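Trainee: You'll find entry-v2.pdb just under this line, and it carries PDB, C-alpha atoms.
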```pdb
ATOM      1  CA  MET A   1     -26.709  17.942 -26.737
ATOM      2  CA  LYS A   2     -29.259  18.380 -23.940
ATOM      3  CA  LYS A   3     -27.129  16.277 -21.563
ATOM      4  CA  CYS A   4     -24.079  18.385 -22.407
ATOM      5  CA  LEU A   5     -25.993  21.613 -21.666
ATOM      6  CA  VAL A   6     -27.187  20.273 -18.322
ATOM      7  CA  SER A   7     -23.621  19.285 -17.423
ATOM      8  CA  ARG A   8     -22.399  22.770 -18.231
ATOM      9  CA  LEU A   9     -25.134  24.344 -16.127
ATOM     10  CA  VAL A  10     -24.299  22.082 -13.182
ATOM     11  CA  TYR A  11     -20.590  22.899 -13.552
ATOM     12  CA  ALA A  12     -21.337  26.632 -13.722
ATOM     13  CA  THR A  13     -23.496  26.422 -10.596
ATOM     14  CA  ILE A  14     -20.830  24.535  -8.648
ATOM     15  CA  PHE A  15     -18.092  26.889  -9.837
ATOM     16  CA  GLY A  16     -20.188  29.930  -8.922
ATOM     17  CA  THR A  17     -20.889  28.515  -5.469
ATOM     18  CA  LEU A  18     -17.178  27.865  -4.913
ATOM     19  CA  LEU A  19     -16.337  31.436  -5.961
ATOM     20  CA  ILE A  20     -18.883  32.873  -3.547
ATOM     21  CA  SER A  21     -17.662  30.599  -0.752
ATOM     22  CA  THR A  22     -14.048  31.615  -1.392
ATOM     23  CA  TYR A  23     -14.986  35.298  -1.395
ATOM     24  CA  VAL A  24     -16.931  34.987   1.877
ATOM     25  CA  GLN A  25     -14.026  33.109   3.483
ATOM     26  CA  ALA A  26     -11.569  35.810   2.385
ATOM     27  CA  GLU A  27     -13.846  38.551   3.717
ATOM     28  CA  SER A  28     -14.269  36.818   7.079
ATOM     29  CA  ASN A  29     -10.515  36.244   7.353
ATOM     30  CA  ASN A  30      -9.859  39.941   6.727
ATOM     31  CA  GLU A  31     -12.425  41.075   9.294
ATOM     32  CA  ILE A  32     -11.241  38.599  11.927
ATOM     33  CA  SER A  33      -7.630  39.619  11.312
ATOM     34  CA  ALA A  34      -8.599  43.255  11.833
ATOM     35  CA  LEU A  35     -10.367  42.285  15.066
ATOM     36  CA  GLN A  36      -7.255  40.450  16.248
ATOM     37  CA  ASP A  37      -4.975  43.406  15.458
ATOM     38  CA  ARG A  38      -7.264  45.905  17.157
ATOM     39  CA  TRP A  39      -7.464  43.707  20.270
ATOM     40  CA  ALA A  40      -3.666  43.777  20.570
ATOM     41  CA  GLU A  41      -3.635  47.573  20.266
ATOM     42  CA  VAL A  42      -6.368  48.066  22.848
ATOM     43  CA  ASN A  43      -4.950  45.498  25.269
ATOM     44  CA  TYR A  44      -1.307  46.539  25.134
ATOM     45  CA  LEU A  45      -1.235  50.193  24.092
ATOM     46  CA  LEU A  46      -4.227  51.702  25.910
ATOM     47  CA  SER A  47      -5.170  51.990  29.565
ATOM     48  CA  GLY A  48      -7.811  53.398  31.908
ATOM     49  CA  ASP A  49     -11.022  54.859  30.532
ATOM     50  CA  GLU A  50      -9.588  55.018  27.026
ATOM     51  CA  GLN A  51      -9.057  51.266  27.065
ATOM     52  CA  VAL A  52     -12.532  50.537  28.465
ATOM     53  CA  ASP A  53     -14.162  52.737  25.813
ATOM     54  CA  ALA A  54     -12.162  51.024  23.085
ATOM     55  CA  PHE A  55     -13.172  47.585  24.378
ATOM     56  CA  THR A  56     -16.822  48.680  24.310
ATOM     57  CA  SER A  57     -16.542  49.487  20.603
ATOM     58  CA  LEU A  58     -14.516  46.362  19.889
ATOM     59  CA  THR A  59     -17.131  44.172  21.587
ATOM     60  CA  GLU A  60     -19.842  45.645  19.371
ATOM     61  CA  GLN A  61     -17.661  44.986  16.327
ATOM     62  CA  ALA A  62     -17.092  41.384  17.432
ATOM     63  CA  ASN A  63     -20.846  40.848  17.826
ATOM     64  CA  GLN A  64     -21.403  42.109  14.293
ATOM     65  CA  ILE A  65     -18.759  39.760  12.893
ATOM     66  CA  THR A  66     -20.145  36.679  14.659
ATOM     67  CA  ALA A  67     -23.583  37.614  13.335
ATOM     68  CA  ARG A  68     -22.197  37.762   9.782
ATOM     69  CA  TYR A  69     -20.110  34.592  10.088
ATOM     70  CA  PRO A  70     -21.911  32.372  12.618
ATOM     71  CA  GLU A  71     -20.091  29.234  11.414
ATOM     72  CA  SER A  72     -16.615  30.697  11.941
ATOM     73  CA  ALA A  73     -14.931  29.255  15.038
ATOM     74  CA  GLU A  74     -12.258  31.943  14.773
ATOM     75  CA  ALA A  75     -14.851  34.736  14.925
ATOM     76  CA  TRP A  76     -16.403  33.256  18.074
ATOM     77  CA  ILE A  77     -12.978  32.753  19.667
ATOM     78  CA  TRP A  78     -12.010  36.368  19.152
ATOM     79  CA  SER A  79     -15.381  37.540  20.396
ATOM     80  CA  GLY A  80     -14.801  35.481  23.551
ATOM     81  CA  ILE A  81     -11.243  36.749  23.988
ATOM     82  CA  ILE A  82     -12.313  40.362  23.570
ATOM     83  CA  LYS A  83     -15.135  40.045  26.110
ATOM     84  CA  SER A  84     -12.983  38.265  28.698
ATOM     85  CA  THR A  85     -10.226  40.873  28.370
ATOM     86  CA  TYR A  86     -12.830  43.631  28.546
ATOM     87  CA  ALA A  87     -14.166  42.057  31.742
ATOM     88  CA  GLY A  88     -10.693  42.236  33.273
ATOM     89  CA  ALA A  89     -10.278  45.879  32.257
ATOM     90  CA  LYS A  90     -13.751  46.907  33.387
ATOM     91  CA  GLY A  91     -13.994  45.089  36.720
ATOM     92  CA  GLY A  92     -16.972  45.399  39.042
ATOM     93  CA  LEU A  93     -20.374  43.758  38.654
ATOM     94  CA  GLY A  94     -20.431  44.324  34.900
ATOM     95  CA  ALA A  95     -17.352  42.111  34.510
ATOM     96  CA  LEU A  96     -19.237  38.942  35.446
ATOM     97  CA  SER A  97     -21.879  39.401  32.749
ATOM     98  CA  LEU A  98     -19.098  39.926  30.207
ATOM     99  CA  ALA A  99     -17.354  36.786  31.459
ATOM    100  CA  LYS A 100     -20.571  34.813  30.952
ATOM    101  CA  GLU A 101     -20.903  36.175  27.411
ATOM    102  CA  SER A 102     -17.286  35.229  26.784
ATOM    103  CA  ARG A 103     -17.901  31.680  28.020
ATOM    104  CA  ARG A 104     -20.914  31.363  25.708
ATOM    105  CA  ASP A 105     -18.890  32.539  22.694
ATOM    106  CA  LEU A 106     -15.967  30.229  23.427
ATOM    107  CA  GLU A 107     -18.251  27.239  23.916
ATOM    108  CA  LYS A 108     -19.884  28.082  20.578
ATOM    109  CA  ALA A 109     -16.446  28.109  18.937
ATOM    110  CA  MET A 110     -15.660  24.696  20.405
ATOM    111  CA  GLU A 111     -18.901  23.274  18.996
ATOM    112  CA  ILE A 112     -17.759  24.374  15.528
ATOM    113  CA  ASP A 113     -14.031  23.511  15.732
ATOM    114  CA  ALA A 114     -12.485  22.926  19.144
ATOM    115  CA  ASP A 115      -8.938  22.842  17.706
ATOM    116  CA  ALA A 116      -9.198  26.178  15.846
ATOM    117  CA  MET A 117      -6.413  28.707  16.412
ATOM    118  CA  ASN A 118      -4.189  26.162  18.210
ATOM    119  CA  GLY A 119      -6.931  25.330  20.678
ATOM    120  CA  SER A 120      -7.317  28.954  21.771
ATOM    121  CA  ALA A 121     -10.889  28.323  22.907
ATOM    122  CA  TYR A 122      -9.584  25.829  25.478
ATOM    123  CA  THR A 123      -6.943  28.292  26.668
ATOM    124  CA  SER A 124      -9.318  31.233  26.950
ATOM    125  CA  LEU A 125     -12.132  29.250  28.534
ATOM    126  CA  GLY A 126      -9.740  27.656  31.030
ATOM    127  CA  THR A 127      -8.471  31.101  31.966
ATOM    128  CA  LEU A 128     -12.039  32.259  32.558
ATOM    129  CA  TYR A 129     -12.760  29.327  34.862
ATOM    130  CA  TYR A 130      -9.883  30.151  37.203
ATOM    131  CA  SER A 131     -10.301  33.935  36.999
ATOM    132  CA  VAL A 132     -14.030  34.152  37.741
ATOM    133  CA  PRO A 133     -15.320  33.723  41.325
ATOM    134  CA  GLY A 134     -16.848  30.356  42.162
ATOM    135  CA  TRP A 135     -20.419  29.542  43.157
ATOM    136  CA  PRO A 136     -22.663  31.234  44.246
ATOM    137  CA  VAL A 137     -21.225  34.431  42.745
ATOM    138  CA  GLY A 138     -19.847  33.086  39.486
ATOM    139  CA  PHE A 139     -18.968  29.945  37.556
ATOM    140  CA  GLY A 140     -15.317  29.668  38.571
ATOM    141  CA  ASP A 141     -13.981  26.118  38.858
ATOM    142  CA  ASN A 142     -10.266  25.324  39.235
ATOM    143  CA  GLY A 143     -10.744  21.677  38.292
ATOM    144  CA  LYS A 144     -12.448  22.646  35.039
ATOM    145  CA  ALA A 145      -9.782  25.279  34.415
ATOM    146  CA  GLU A 146      -6.946  22.765  34.708
ATOM    147  CA  GLU A 147      -8.742  20.303  32.431
ATOM    148  CA  LEU A 148      -9.215  22.921  29.697
ATOM    149  CA  LEU A 149      -5.718  24.402  29.973
ATOM    150  CA  THR A 150      -4.154  20.945  29.847
ATOM    151  CA  GLN A 151      -6.134  20.131  26.709
ATOM    152  CA  ALA A 152      -4.889  23.360  25.102
ATOM    153  CA  LEU A 153      -1.300  22.256  25.755
ATOM    154  CA  LYS A 154      -1.986  18.876  24.167
ATOM    155  CA  ILE A 155      -3.184  20.615  21.014
ATOM    156  CA  ALA A 156      -0.410  23.220  20.897
ATOM    157  CA  PRO A 157       2.445  22.315  23.295
ATOM    158  CA  HIS A 158       4.676  25.145  22.049
ATOM    159  CA  ASP A 159       2.051  27.894  21.860
ATOM    160  CA  ILE A 160       2.962  31.038  23.802
ATOM    161  CA  ASP A 161      -0.528  31.642  25.208
ATOM    162  CA  ALA A 162      -1.225  28.002  26.103
ATOM    163  CA  ASN A 163       2.002  27.872  28.129
ATOM    164  CA  TYR A 164       1.633  31.345  29.630
ATOM    165  CA  PHE A 165      -1.901  30.852  30.933
ATOM    166  CA  PHE A 166      -1.119  27.387  32.271
ATOM    167  CA  ALA A 167       1.791  29.002  34.128
ATOM    168  CA  GLU A 168      -0.545  31.685  35.472
ATOM    169  CA  PHE A 169      -2.935  29.018  36.713
ATOM    170  CA  MET A 170      -0.180  27.028  38.420
ATOM    171  CA  ARG A 171       1.138  30.196  40.063
ATOM    172  CA  ASP A 172      -2.328  30.862  41.469
ATOM    173  CA  GLN A 173      -2.336  27.281  42.771
ATOM    174  CA  LYS A 174       0.967  28.069  44.570
ATOM    175  CA  ASP A 175       2.876  25.526  42.449
ATOM    176  CA  ILE A 176       5.735  27.915  41.796
ATOM    177  CA  GLU A 177       8.186  25.474  40.200
ATOM    178  CA  THR A 178       5.668  24.259  37.640
ATOM    179  CA  ALA A 179       4.616  27.840  36.955
ATOM    180  CA  LYS A 180       8.231  28.831  36.305
ATOM    181  CA  THR A 181       8.706  25.890  33.935
ATOM    182  CA  TYR A 182       5.765  26.934  31.802
ATOM    183  CA  TYR A 183       6.618  30.640  31.867
ATOM    184  CA  LEU A 184      10.013  29.692  30.452
ATOM    185  CA  LYS A 185       8.380  27.513  27.792
ATOM    186  CA  ALA A 186       6.157  30.445  26.855
ATOM    187  CA  GLN A 187       9.181  32.731  26.733
ATOM    188  CA  SER A 188      10.886  30.457  24.198
ATOM    189  CA  ALA A 189       7.792  29.973  22.032
ATOM    190  CA  PRO A 190       8.196  30.738  18.309
ATOM    191  CA  ALA A 191       7.003  34.087  17.003
ATOM    192  CA  ARG A 192       3.525  34.131  15.465
ATOM    193  CA  PRO A 193       3.305  35.510  11.918
ATOM    194  CA  GLY A 194       1.431  38.815  11.786
ATOM    195  CA  ARG A 195       1.138  39.085  15.569
ATOM    196  CA  SER A 196       4.261  40.991  16.526
ATOM    197  CA  LEU A 197       2.484  43.421  18.873
ATOM    198  CA  ALA A 198       0.650  40.622  20.702
ATOM    199  CA  ASP A 199       3.886  38.620  21.000
ATOM    200  CA  GLN A 200       5.774  41.641  22.295
ATOM    201  CA  GLY A 201       3.093  42.344  24.880
ATOM    202  CA  ARG A 202       2.907  38.731  26.003
ATOM    203  CA  GLN A 203       6.688  38.510  26.331
ATOM    204  CA  GLU A 204       6.566  41.562  28.589
ATOM    205  CA  ASP A 205       3.892  39.818  30.694
ATOM    206  CA  ILE A 206       6.135  36.756  30.961
ATOM    207  CA  LYS A 207       9.165  38.832  31.941
ATOM    208  CA  LYS A 208       7.243  40.543  34.747
ATOM    209  CA  ALA A 209       5.840  37.217  35.982
ATOM    210  CA  LEU A 210       9.285  35.614  36.120
ATOM    211  CA  GLU A 211      10.736  38.623  37.927
ATOM    212  CA  ALA A 212       7.961  38.365  40.499
ATOM    213  CA  LEU A 213       8.632  34.648  41.018
ATOM    214  CA  ASN A 214      12.352  35.194  41.399
TER     215      ASN A 214
END
```
Would you mind writing the structure in this file as structure tokens?

Mentor:
Amino acid sequence: MKKCLVSRLVYATIFGTLLISTYVQAESNNEISALQDRWAEVNYLLSGDEQVDAFTSLTEQANQITARYPESAEAWIWSGIIKSTYAGAKGGLGALSLAKESRRDLEKAMEIDADAMNGSAYTSLGTLYYSVPGWPVGFGDNGKAEELLTQALKIAPHDIDANYFFAEFMRDQKDIETAKTYYLKAQSAPARPGRSLADQGRQEDIKKALEALN
């Protein structure tokens, strides 16, 4: 009888822990999804001071989410993406500090799960390395950028962002034919469920890039 009671208590404890874990996972997924959706709105629908102000608020929100879910690679990836995009919108001296924060967040994500979100940490970190000035001003490094972007393509060869940012890098390296090849691969990438605005915006980026090349 005593053994049976102990077994029931152990089962109840395990079941309760699983319920809590499932609830926390659902909550984090909802908050990260909201972060993702808001990023697309701010990045593609806003501009100028309105966009910068929105990125300021979104960065604060991302910091709160990573504090709540420090073991979520997805939370750290989106925090890194938001800060790197904010850096591009803001410009100036403040952009470099944001880029460094973005690098830290993306490296944290890779420590947890480097393959999360189709290897988005590799894509975003690679983009940072070729976008930021090199030493002594910043941490830019084209060799490191190519290594990271190539790894992203190995993880997700058909991903729209992995192909687009590799194309951007190759264009900056003056390898126009390779850039065109990867822009076209990005253009034919499958749609991402629940990310219609981001896909639409990225396809517009690709269209403009191809027009410029042609």

Trainee: Around (-8.2, 26.8, 15.3) in the file's frame, which residues reach within 12 Å when counting only C-alpha atoms? Return as a ChimeraX atom specification?

Mentor: /A:72-78,106,109-123,152,155-156

Trainee: Do you know which residues the PyMOL selection byres ((chain A and resi 125-128) around 8) returns on this file, as JSON, numbers by chain?

Mentor: {"A": [84, 99, 103, 106, 107, 121, 122, 123, 124, 129, 130, 131, 132, 140, 144, 145, 146, 147, 148, 149, 165, 169]}

Trainee: Decode the PyMOL selection byres ((chain A and resi 213) around 12) for the given file into explicit residues and return them as a PyMOL selection string.

Mentor: chain A and resi 167-168+170-172+174-181+183-184+206-212+214

Trainee: Let me have the centre and edge lengths in Å, one decimal, of the box along x, y and z around every listed atom of stretch 89-95 of chain A with 8 Å of margin on each side, as lines of an AutoDock Vina configuration file.

Mentor:
```
center_x = -15.4
center_y = 44.5
center_z = 35.6
size_x = 26.2
size_y = 20.8
size_z = 22.8
```

Trainee: When you count all atoms listed in the file, which of these residues is closest to A:Glu31: A:Arg68, A:Asp49, A:Glu204, A:Phe55?

Mentor: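 Closest residue, counting all atoms listed in the file: A:Arg68.
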
Trainee: Between A:Phe166, A:Tyr44, A:Trp39, A:Phe139, which has the minimum distance to A:Ala62 (counting all atoms listed in the file)?

Mentor: A:Trp39

Trainee: Mind giving me the straight-line distance from atom CA of A:Gly201 to atom CA of A:Gln61 in Å, one decimal?

Mentor: 22.6 Å

Trainee: Pick the closest to A:Arg202 from A:Gln51, A:Ala40, A:Thr66, A:Leu96: which is it, counting all atoms listed in the file?

Mentor: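 With all atoms listed in the file as the atom set, the closest residue is A:Ala40.
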
Trainee: So the first atom is atom CA of A:Gly80 and the second is atom CA of A:Asp105; what is the distance between them in Å, to one decimal place?

Mentor: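 Straight-line distance from atom CA of A:Gly80 to atom CA of A:Asp105 works out to 5.1 Å.
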
Trainee: Considering only C-alpha atoms, state which residue in the set A:Ser196, A:Val137, A:Arg38, A:Thr150 is at the smallest distance from A:Leu93.

Mentor: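 Nearest to A:Leu93: A:Val137.
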
Trainee: Interatomic distance between atom CA of A:Gln151 and atom CA of A:Asn63?

Mentor: 26.9 Å

Trainee: Compare A:Glu71, A:Asn163, A:Ile82, A:Asn142 by their minimum atom-to-atom distance to A:Gln36, counting all atoms listed in the file, and give me the closest one.

Mentor: A:Ile82

Trainee: When you look at stretch 41-43 of chain A with a cut-off of 12 Å (counting all atoms listed in the file), what residues show up, excluding the ones that are within fewer than 4 positions of it in the same chain? I need them as JSON, numbers by chain.

Mentor: {"A": [34, 35, 36, 37, 47, 48, 49, 50, 51, 52, 53, 54, 55, 56, 57, 58, 59, 81, 82, 83, 84, 85, 86, 87, 88, 89, 195, 196, 197, 198, 199, 200, 201, 202, 205]}

Trainee: Give as a PyMOL selection string the residues that the PyMOL selection byres ((chain A and resi 187-189) around 7) matches when applied to the coordinates above.

Mentor: chain A and resi 158-160+183-186+190-191+203+206
